[in-house]
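*Asks:* Contents of my_file12.txt (compact mmCIF, C-alpha atoms) are below:
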# COMPACT_ATOMS: atom_id res chain seq x y z
CA MET A 1 73.79 -30.89 16.35
CA SER A 2 73.82 -27.10 16.47
CA ASN A 3 70.05 -27.03 15.94
CA LEU A 4 69.58 -29.44 18.83
CA ASN A 5 71.75 -27.32 21.11
CA ALA A 6 69.85 -24.19 20.08
CA THR A 7 66.54 -25.92 20.83
CA ILE A 8 67.75 -27.07 24.24
CA SER A 9 69.00 -23.56 25.05
CA PHE A 10 65.67 -22.09 23.98
CA LEU A 11 63.74 -24.58 26.13
CA ASN A 12 65.96 -23.80 29.12
CA ALA A 13 65.42 -20.08 28.58
CA LEU A 14 61.64 -20.55 28.49
CA SER A 15 61.79 -22.64 31.65
CA LEU A 16 63.88 -19.97 33.39
CA VAL A 17 61.43 -17.22 32.40
CA GLN A 18 58.52 -19.32 33.63
CA THR A 19 60.25 -19.95 36.96
CA ASN A 20 61.08 -16.26 37.44
CA ILE A 21 57.49 -15.24 36.71
CA SER A 22 56.27 -17.77 39.27
CA ILE A 23 58.72 -16.58 41.92
CA TYR A 24 58.71 -12.80 41.48
CA GLY A 25 55.19 -12.36 40.11
CA TYR A 26 53.47 -14.42 42.78
CA SER A 27 55.71 -12.96 45.52
CA VAL A 28 54.50 -9.45 44.67
CA ILE A 29 50.88 -10.62 44.40
CA LEU A 30 51.10 -12.43 47.75
CA ILE A 31 52.63 -9.53 49.69
CA VAL A 32 50.73 -6.66 48.06
CA GLY A 33 47.48 -8.62 48.03
CA ASN A 34 47.62 -9.55 51.71
CA ILE A 35 48.38 -5.98 52.77
CA GLY A 36 45.51 -4.64 50.67
CA SER A 37 43.03 -7.31 51.72
CA VAL A 38 43.77 -6.81 55.43
CA LEU A 39 43.26 -3.05 55.05
CA ASN A 40 40.06 -3.77 53.13
CA VAL A 41 38.75 -5.83 56.04
CA PHE A 42 39.94 -3.10 58.42
CA VAL A 43 37.76 -0.50 56.67
CA LEU A 44 34.78 -2.68 55.69
CA THR A 45 34.23 -3.90 59.25
CA ARG A 46 33.44 -0.36 60.38
CA ARG A 47 29.87 0.10 61.52
CA GLN A 48 29.05 2.43 58.61
CA TYR A 49 29.97 -0.28 56.09
CA LEU A 50 28.47 -3.23 57.94
CA GLN A 51 25.10 -1.48 57.82
CA ASN A 52 25.31 -1.44 54.02
CA SER A 53 24.33 -4.61 52.15
CA CYS A 54 26.74 -3.97 49.26
CA SER A 55 29.67 -3.62 51.66
CA CYS A 56 28.82 -7.02 53.13
CA TYR A 57 29.23 -8.67 49.71
CA ILE A 58 32.52 -6.82 49.17
CA LEU A 59 33.70 -7.94 52.61
CA ALA A 60 32.77 -11.56 51.84
CA SER A 61 34.68 -11.32 48.55
CA THR A 62 37.69 -9.83 50.35
CA VAL A 63 37.78 -12.63 52.93
CA THR A 64 37.60 -15.15 50.08
CA ASN A 65 40.46 -13.31 48.37
CA LEU A 66 42.56 -13.78 51.51
CA ILE A 67 42.01 -17.54 51.22
CA ILE A 68 42.98 -17.42 47.54
CA LEU A 69 46.14 -15.45 48.28
CA ASN A 70 47.32 -17.60 51.17
CA VAL A 71 46.43 -20.98 49.69
CA VAL A 72 46.28 -20.77 45.89
CA VAL A 73 48.88 -18.06 45.25
CA LEU A 74 51.20 -19.31 48.00
CA PHE A 75 51.42 -22.81 46.54
CA ARG A 76 51.89 -21.45 43.03
CA LEU A 77 54.79 -19.45 44.43
CA LEU A 78 56.25 -22.58 46.02
CA THR A 79 56.03 -24.31 42.65
CA GLY A 80 58.62 -21.82 41.39
CA PHE A 81 60.99 -23.21 44.03
CA ASP A 82 60.16 -26.75 42.87
CA ILE A 83 58.07 -27.38 46.00
CA ASP A 84 54.76 -28.95 44.98
CA PRO A 85 53.01 -31.29 47.46
CA SER A 86 50.32 -32.02 44.84
CA ARG A 87 52.88 -34.18 43.01
CA THR A 88 53.30 -36.53 45.96
CA SER A 89 50.03 -36.36 47.90
CA ALA A 90 46.82 -37.43 46.17
CA PHE A 91 44.73 -35.79 48.89
CA PHE A 92 46.51 -32.48 48.48
CA CYS A 93 46.18 -32.73 44.69
CA LYS A 94 42.41 -33.10 44.97
CA PHE A 95 42.05 -30.55 47.79
CA ARG A 96 44.13 -27.82 46.14
CA THR A 97 42.35 -28.11 42.79
CA TYR A 98 38.97 -27.99 44.53
CA ILE A 99 39.90 -24.95 46.64
CA VAL A 100 41.34 -23.13 43.60
CA GLN A 101 38.15 -23.47 41.57
CA MET A 102 35.67 -22.98 44.40
CA THR A 103 37.22 -19.88 45.97
CA THR A 104 37.96 -18.07 42.70
CA ALA A 105 34.37 -18.57 41.56
CA LEU A 106 32.97 -17.63 44.99
CA SER A 107 34.87 -14.33 45.14
CA ARG A 108 33.55 -13.33 41.72
CA ILE A 109 29.96 -14.37 42.51
CA TYR A 110 29.97 -12.12 45.59
CA ILE A 111 30.91 -9.21 43.33
CA VAL A 112 28.03 -10.14 41.02
CA LEU A 113 25.71 -9.95 44.05
CA ALA A 114 27.18 -6.53 44.85
CA CYS A 115 26.34 -5.43 41.28
CA ILE A 116 22.76 -6.64 41.67
CA ASP A 117 22.58 -4.86 45.03
CA ARG A 118 23.62 -1.52 43.48
CA TRP A 119 21.06 -1.96 40.71
CA ALA A 120 18.34 -2.63 43.28
CA MET A 121 19.47 0.34 45.39
CA THR A 122 19.12 2.76 42.46
CA SER A 123 15.79 1.33 41.30
CA THR A 124 12.57 3.30 41.73
CA VAL A 125 10.64 0.09 42.34
CA VAL A 126 10.17 -0.43 46.08
CA ARG A 127 10.07 -4.21 45.80
CA ARG A 128 13.47 -4.26 44.10
CA ARG A 129 14.99 -2.00 46.74
CA SER A 130 14.06 -4.57 49.38
CA PHE A 131 17.00 -6.61 48.06
CA THR A 132 19.30 -4.05 49.72
CA ASN A 133 17.96 -4.92 53.17
CA ARG A 134 20.78 -5.73 55.60
CA LYS A 135 19.28 -9.14 56.33
CA VAL A 136 19.61 -10.29 52.71
CA PRO A 137 23.44 -10.64 52.68
CA LYS A 138 23.32 -12.59 55.94
CA ILE A 139 21.18 -15.16 54.14
CA LEU A 140 22.73 -15.08 50.66
CA ILE A 141 26.43 -15.12 51.59
CA PRO A 142 26.40 -18.53 53.36
CA ILE A 143 23.90 -20.00 50.88
CA VAL A 144 26.05 -18.99 47.90
CA ALA A 145 29.13 -20.44 49.62
CA ILE A 146 27.38 -23.78 50.15
CA VAL A 147 25.96 -23.94 46.61
CA CYS A 148 29.32 -22.97 45.12
CA GLY A 149 31.08 -25.62 47.20
CA LEU A 150 28.64 -28.30 46.04
CA SER A 151 28.94 -27.18 42.40
CA PHE A 152 32.65 -28.08 42.36
CA ILE A 153 32.39 -31.27 44.42
CA HIS A 154 33.01 -33.34 41.28
CA ILE A 155 36.63 -32.17 41.04
CA PRO A 156 38.17 -34.45 43.73
CA PHE A 157 36.71 -37.51 42.00
CA TYR A 158 38.44 -36.80 38.69
CA TYR A 159 41.82 -35.45 39.81
CA ASP A 160 44.76 -37.59 40.81
CA ILE A 161 48.53 -37.90 40.47
CA ILE A 162 49.52 -39.29 37.07
CA ARG A 163 53.21 -39.44 36.10
CA SER A 164 54.14 -37.15 39.00
CA ARG A 165 51.58 -34.57 37.90
CA CYS A 166 48.31 -33.52 39.50
CA THR A 167 45.92 -33.78 36.57
CA THR A 168 42.59 -35.16 35.41
CA THR A 169 42.11 -38.91 35.18
CA SER A 170 40.39 -38.77 31.77
CA ASN A 171 40.54 -36.61 28.65
CA SER A 172 36.75 -36.41 28.44
CA TYR A 173 36.57 -34.86 31.91
CA LEU A 174 39.42 -32.49 31.03
CA GLN A 175 37.41 -31.30 28.03
CA PHE A 176 34.32 -30.83 30.21
CA TYR A 177 36.42 -29.08 32.86
CA ASN A 178 37.89 -26.59 30.37
CA ILE A 179 34.49 -25.84 28.81
CA PHE A 180 32.95 -25.48 32.27
CA ASN A 181 35.63 -22.96 33.31
CA THR A 182 35.35 -21.09 30.01
CA VAL A 183 31.59 -20.67 30.34
CA LEU A 184 31.83 -19.75 34.03
CA SER A 185 34.67 -17.22 33.70
CA GLY A 186 33.78 -15.85 30.27
CA VAL A 187 29.97 -15.88 30.26
CA THR A 188 28.17 -16.75 33.51
CA ILE A 189 30.00 -14.22 35.69
CA PRO A 190 30.89 -11.25 33.39
CA ILE A 191 27.53 -11.09 31.56
CA PRO A 192 25.47 -10.37 34.73
CA MET A 193 28.17 -7.89 35.79
CA ILE A 194 27.86 -5.99 32.52
CA ILE A 195 24.04 -6.13 32.40
CA PHE A 196 23.47 -4.92 35.96
CA SER A 197 26.18 -2.26 35.65
CA ILE A 198 24.48 -0.83 32.55
CA LEU A 199 21.11 -0.91 34.32
CA THR A 200 22.61 0.77 37.39
CA VAL A 201 24.18 3.53 35.30
CA ARG A 202 20.81 4.12 33.67
CA ASN A 203 19.10 4.29 37.07
CA VAL A 204 21.73 6.69 38.43
CA LYS A 205 21.27 9.02 35.46
CA ARG A 206 17.51 9.03 36.00
CA LEU A 207 17.90 9.78 39.69
CA GLN A 208 20.41 12.56 39.02
CA HIS A 209 18.04 14.07 36.47
CA ARG A 210 15.27 14.11 39.07
CA VAL A 211 17.57 15.68 41.64
CA ASP A 212 18.68 18.37 39.18
CA ASN A 213 15.05 19.25 38.50
CA ASN A 214 14.30 19.49 42.21
CA THR A 215 17.54 20.90 43.60
CA LEU A 216 15.96 23.49 45.85
CA LEU A 217 13.43 21.01 47.16
CA THR A 218 16.18 18.50 47.85
CA GLU A 219 18.28 21.03 49.76
CA ARG A 220 15.34 22.09 51.90
CA ILE A 221 13.68 18.76 52.65
CA ILE A 222 16.32 15.99 52.57
CA PRO A 223 18.60 15.96 55.63
CA ASN A 224 22.36 16.01 55.18
CA ASN A 225 22.81 12.50 56.59
CA ILE A 226 20.53 11.06 53.88
CA VAL A 227 22.41 12.96 51.17
CA ASN A 228 25.72 11.66 52.55
CA LYS A 229 24.37 8.11 52.63
CA ARG A 230 23.28 8.39 49.00
CA HIS A 231 26.73 9.71 48.05
CA HIS A 232 28.30 6.78 49.91
CA ASP A 233 26.07 4.35 47.98
CA TYR A 234 27.13 5.83 44.65
CA GLN A 235 30.79 5.61 45.67
CA LEU A 236 30.34 1.89 46.32
CA PHE A 237 28.87 1.48 42.85
CA TYR A 238 31.85 3.18 41.20
CA MET A 239 34.22 0.97 43.18
CA ILE A 240 32.40 -2.16 42.04
CA PHE A 241 32.19 -0.91 38.44
CA ILE A 242 35.95 -0.38 38.10
CA GLN A 243 36.59 -3.72 39.79
CA GLN A 244 34.41 -5.37 37.14
CA CYS A 245 36.43 -3.73 34.37
CA VAL A 246 39.67 -5.01 35.91
CA TYR A 247 38.14 -8.48 36.23
CA ILE A 248 37.14 -8.58 32.56
CA ILE A 249 40.56 -7.33 31.41
CA THR A 250 42.48 -9.86 33.53
CA THR A 251 40.15 -12.75 32.67
CA LEU A 252 40.06 -12.45 28.87
CA PRO A 253 43.56 -13.98 28.40
CA PHE A 254 42.56 -16.83 30.73
CA VAL A 255 39.41 -17.56 28.74
CA SER A 256 41.36 -17.47 25.47
CA TYR A 257 43.90 -19.90 26.97
CA LEU A 258 41.14 -22.33 28.00
CA LEU A 259 39.65 -22.21 24.51
CA TYR A 260 43.06 -22.82 22.96
CA ILE A 261 43.79 -25.78 25.26
CA THR A 262 40.37 -27.31 24.56
CA ILE A 263 40.72 -26.98 20.79
CA THR A 264 44.29 -28.33 20.67
CA MET A 265 43.84 -30.98 23.36
CA TYR A 266 44.26 -33.92 20.97
CA SER A 267 46.98 -32.28 18.86
CA VAL A 268 50.52 -33.64 18.92
CA LYS A 269 52.82 -30.82 20.08
CA SER A 270 56.57 -30.47 19.90
CA PRO A 271 58.63 -29.84 23.06
CA VAL A 272 59.05 -26.22 22.01
CA GLN A 273 55.30 -25.72 21.56
CA THR A 274 54.61 -27.41 24.90
CA SER A 275 57.09 -25.10 26.64
CA ILE A 276 55.52 -22.04 25.00
CA ASP A 277 52.09 -23.23 26.13
CA ASN A 278 53.35 -23.68 29.69
CA LEU A 279 54.87 -20.19 29.69
CA TYR A 280 51.63 -18.71 28.38
CA MET A 281 49.74 -20.59 31.09
CA THR A 282 52.00 -19.14 33.79
CA VAL A 283 51.58 -15.59 32.47
CA VAL A 284 47.80 -15.99 32.19
CA PHE A 285 47.40 -17.43 35.69
CA THR A 286 49.58 -14.69 37.15
CA PHE A 287 47.45 -12.10 35.38
CA VAL A 288 44.26 -13.68 36.74
CA HIS A 289 45.49 -13.58 40.33
CA VAL A 290 46.27 -9.87 40.04
CA ASN A 291 42.50 -9.36 40.16
CA PHE A 292 42.31 -10.85 43.67
CA ALA A 293 45.18 -8.69 44.94
CA ALA A 294 44.16 -5.37 43.41
CA THR A 295 40.73 -4.72 44.96
CA PHE A 296 41.95 -2.52 47.83
CA TYR A 297 44.08 -0.38 45.53
CA ILE A 298 41.18 0.02 43.10
CA TYR A 299 38.96 1.25 45.94
CA VAL A 300 41.61 3.67 47.22
CA LEU A 301 42.20 5.16 43.76
CA ILE A 302 38.53 5.43 42.82
CA SER A 303 36.68 6.37 46.00
CA HIS A 304 37.37 9.53 47.99
CA THR A 305 35.00 8.24 50.68
CA PHE A 306 36.94 4.99 51.03
CA ARG A 307 40.24 6.88 51.33
CA LYS A 308 38.78 9.14 53.99
CA ASP A 309 37.38 6.20 55.95
CA LEU A 310 40.73 4.41 55.71
CA LYS A 311 42.53 7.44 57.17
CA ARG A 312 39.96 7.71 59.95
CA SER A 313 40.28 4.02 60.77
CA LEU A 314 44.07 4.18 60.89
CA LEU A 315 44.10 7.35 62.99
CA ARG A 316 41.48 5.98 65.34
CA GLY A 317 43.47 2.81 65.78
CA ARG A 318 46.61 4.78 66.62
CA LEU A 319 44.67 7.04 68.97
CA ILE A 320 43.17 4.09 70.85
CA THR A 321 46.62 2.51 71.15
CA TRP A 322 48.06 5.79 72.43
CA ILE A 323 45.21 6.31 74.93
CA SER A 324 45.43 2.71 76.13
CA GLY A 325 49.16 3.12 76.63
CA ASN A 326 48.68 6.32 78.64
CA GLN A 327 45.94 4.76 80.74
CA GLN A 328 48.15 1.77 81.45
CA ASN A 329 50.94 4.11 82.52
CA ARG A 330 48.57 6.01 84.79
CA ILE A 331 47.33 2.80 86.39
CA THR A 332 50.91 1.66 86.93
CA VAL A 333 51.88 4.97 88.52
CA ALA A 334 48.77 5.04 90.69
CA SER A 335 49.39 1.51 91.93
CA VAL A 336 52.92 2.32 93.22
CA PRO A 337 52.74 2.81 97.00
CA LEU A 338 54.07 6.07 98.38
CA GLU A 339 56.61 5.87 101.15
CA ILE A 340 56.60 8.84 103.52
CA ASN A 341 59.53 9.08 105.85
CA LEU A 342 58.44 10.78 109.06
CA PRO A 343 61.04 12.21 111.38
CA PRO A 344 61.59 10.09 114.53
CA ARG A 345 59.93 11.22 117.75
CA THR A 346 62.16 12.79 120.25
Translate the structure described by the file into structure tokens.
*Replies:*
Amino acid sequence: MSNLNATISFLNALSLVQTNISIYGYSVILIVGNIGSVLNVFVLTRRQYLQNSCSCYILASTVTNLIILNVVVLFRLLTGFDIDPSRTSAFFCKFRTYIVQMTTALSRIYIVLACIDRWAMTSTVVRRRSFTNRKVPKILIPIVAIVCGLSFIHIPFYYDIIRSRCTTTSNSYLQFYNIFNTVLSGVTIPIPMIIFSILTVRNVKRLQHRVDNNTLLTERIIPNNIVNKRHHDYQLFYMIFIQQCVYIITTLPFVSYLLYITITMYSVKSPVQTSIDNLYMTVVFTFVHVNFAATFYIYVLISHTFRKDLKRSLLRGRLITWISGNQQNRITVASVPLEINLPPRT
């Protein structure tokens, strides 16, 4: 009897920890992530950034992150309060699962495109550098969104409510789904990130070596605006590089969890083991969503240029508000008619 009571107490403790992680963890991610993503959009929509192809991919990823935060993270937060529409609505069950997978993959793919863009920018081959043309993101961003959306279209057909849970309708599809996510998150996305980052670092070192050998020539011939643009391009690369590192660190536990679930899918588990697995799942998913909330703070910490542009944007916004307010006051004052009291004629 005492062992049973101890087991029940342990299960209740695990459930309480899981609930607290869902409530407090996702609350912080939701608030901090939204603030950072909005400021990201605020800076990246400046003309200087919109003229840069890499910034367009980062902006597309940031907008996708806003969807993730306000749909995926929000409903995971509500789950901590025992509010889960996916348990009662089959449509919402299918829709939420589809949006979760599609948007998380889309955000990461845009960062992969940003990595490829930085590699092309630092290449000495003219044909490769054409990939950094401003027209390329305008074509690739919507195409990638459509292809990504079609790639996950199978999810609504195999998800439904079973025993008050939104889950797959067959074990074979669940196995495919876990393997698909493992390959996508652990191989398909991080491998190109690593490869193109290494190639970009190599290109940057070569370019810096050339500049060092021709320092005087560079100072005399290359205008300051071109030098500043090149510095801005390198800053974007460093921002993307650190973001990749954070992605890999936050994704490794998720990939290991998927492998574990796939391997032990047909194993008979005790209630204690099931509760431990659920707690691990909550921790892993919380860790994964940190990646979508942390981009702005990574950019601010890494890039001096980004910090400077953020300050300029904020100050300019305040200045415009102040000027607009003064102009409105002037217009109001000017529109007030003047009454002149003349003395009566005698």
*Asks:* Rank A:Phe131, A:Tyr24, A:Tyr49, A:Phe196 by their smallest atom-to-atom distance to Gly80 of chain A, using only C-alpha atoms, and report the top residue only.
*Replies:*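 Answer, going by the shortest atom-to-atom distance: A:Tyr24.
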*Asks:* With all atoms listed in the file as the atoms that count, which of A:Ser86, A:Thr132, A:Asn40, A:Thr103 lies nearest to Val144 of chain A?
*Replies:*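 Under the stated criterion, the closest residue is A:Thr103.
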*Asks:* May I ask which of the residues A:Leu199, A:Ile146, A:Leu279, A:Leu174 is the closest one to Leu258 of chain A, counting all atoms listed in the file?
*Replies:*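 The shortest atom-to-atom distance to Leu258 of chain A comes from A:Leu174.
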*Asks:* What residues have an atom no more than 12 Å from (65.7, -30.7, 21.8) in the file's own frame, counting only C-alpha atoms, and can you write them as a ChimeraX atom specification?
*Replies:* /A:1-12,270-275
*Asks:* Just how far from atom CA of Ile195 of chain A is atom CA of Pro142 of chain A, in Å to one decimal?
*Replies:*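 Computed distance, atom CA of Pro142 of chain A to atom CA of Ile195 of chain A, equals 24.5 Å.
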*Asks:* As an exercise, work out the distance from atom CA of Ser197 of chain A to atom CA of Leu259 of chain A in Å and give it to one decimal place.
*Replies:*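 It comes out at 26.5 Å.
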*Asks:* A:Asn52, A:Gln243, A:Thr169, A:Ser164: which is nearest Asp117 of chain A, counting all atoms listed in the file?
*Replies:*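 Closest to Asp117 of chain A, using all atoms listed in the file: A:Asn52.
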*Asks:* Residues at most 8 Å from Leu236 of chain A, counting all atoms listed in the file, excluding those fewer than 5 positions away in the same chain, as a list in words?
*Replies:*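 Non-adjacent residues within range: Cys54, Ser55 and Ser303 of chain A.
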*Asks:* Please tell me which residues are no farther than 12 Å from (35.4, -18.2, 30.3) in the file, counting all atoms listed in the file, and write them as a PyMOL selection string.
*Replies:* chain A and resi 105+177-191+247-248+250-260+262+288
*Asks:* What does the distance from atom CA of Thr122 of chain A to atom CA of Ala145 of chain A come to in Å, to one decimal?
*Replies:*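 One can read the atom CA of Thr122 of chain A to atom CA of Ala145 of chain A distance as 26.3 Å.
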*Asks:* Per residue of segment 131-219 of chain A within 10 Å of segment 56-75 of chain A, note the shortest atom pair and the distance in Å to one decimal, counting all atoms listed in the file, and order the rows by chain and increasing residue number, as a tab-separated table.
*Replies:*
residue	atom	partner	partner_atom	distance
A:Arg134	CA	A:Cys56	CA	8.5
A:Val136	CA	A:Cys56	CA	9.8
A:Pro137	CA	A:Cys56	CA	6.5
A:Lys138	CA	A:Cys56	CA	8.3
A:Leu140	CA	A:Tyr57	CA	9.2
A:Ile141	CA	A:Ala60	CA	7.3
A:Pro142	CA	A:Ala60	CA	9.6
A:Ala145	CA	A:Ala60	CA	9.9
*Asks:* Could you save those same residues with C-alpha atoms as a PDB file, in the frame of the given file?
*Replies:*
ATOM      1  CA  ARG A 134      20.780  -5.730  55.600  1.00  0.00           C
ATOM      2  CA  VAL A 136      19.610 -10.290  52.710  1.00  0.00           C
ATOM      3  CA  PRO A 137      23.440 -10.640  52.680  1.00  0.00           C
ATOM      4  CA  LYS A 138      23.320 -12.590  55.940  1.00  0.00           C
ATOM      5  CA  LEU A 140      22.730 -15.080  50.660  1.00  0.00           C
ATOM      6  CA  ILE A 141      26.430 -15.120  51.590  1.00  0.00           C
ATOM      7  CA  PRO A 142      26.400 -18.530  53.360  1.00  0.00           C
ATOM      8  CA  ALA A 145      29.130 -20.440  49.620  1.00  0.00           C
TER       9      ALA A 145
END
*Asks:* So which one's closest to Leu150 of chain A, A:Ile99, A:Phe292, A:Arg129, A:Ser37? Using all atoms listed in the file, please.
*Replies:*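 Smallest separation from Leu150 of chain A among the options: A:Ile99.
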*Asks:* Between A:Thr124, A:Thr97, A:Gln175, A:Thr104, which residue has the minimum interatomic distance to Phe157 of chain A, considering all atoms listed in the file?
*Replies:* A:Thr97
*Asks:* Would you mind listing what lies within 7 Å of Leu106 of chain A as JSON, numbers by chain, with all atoms listed in the file counted and same-chain residues fewer than 4 positions away left out?
*Replies:* {"A": [102, 110, 145, 148]}
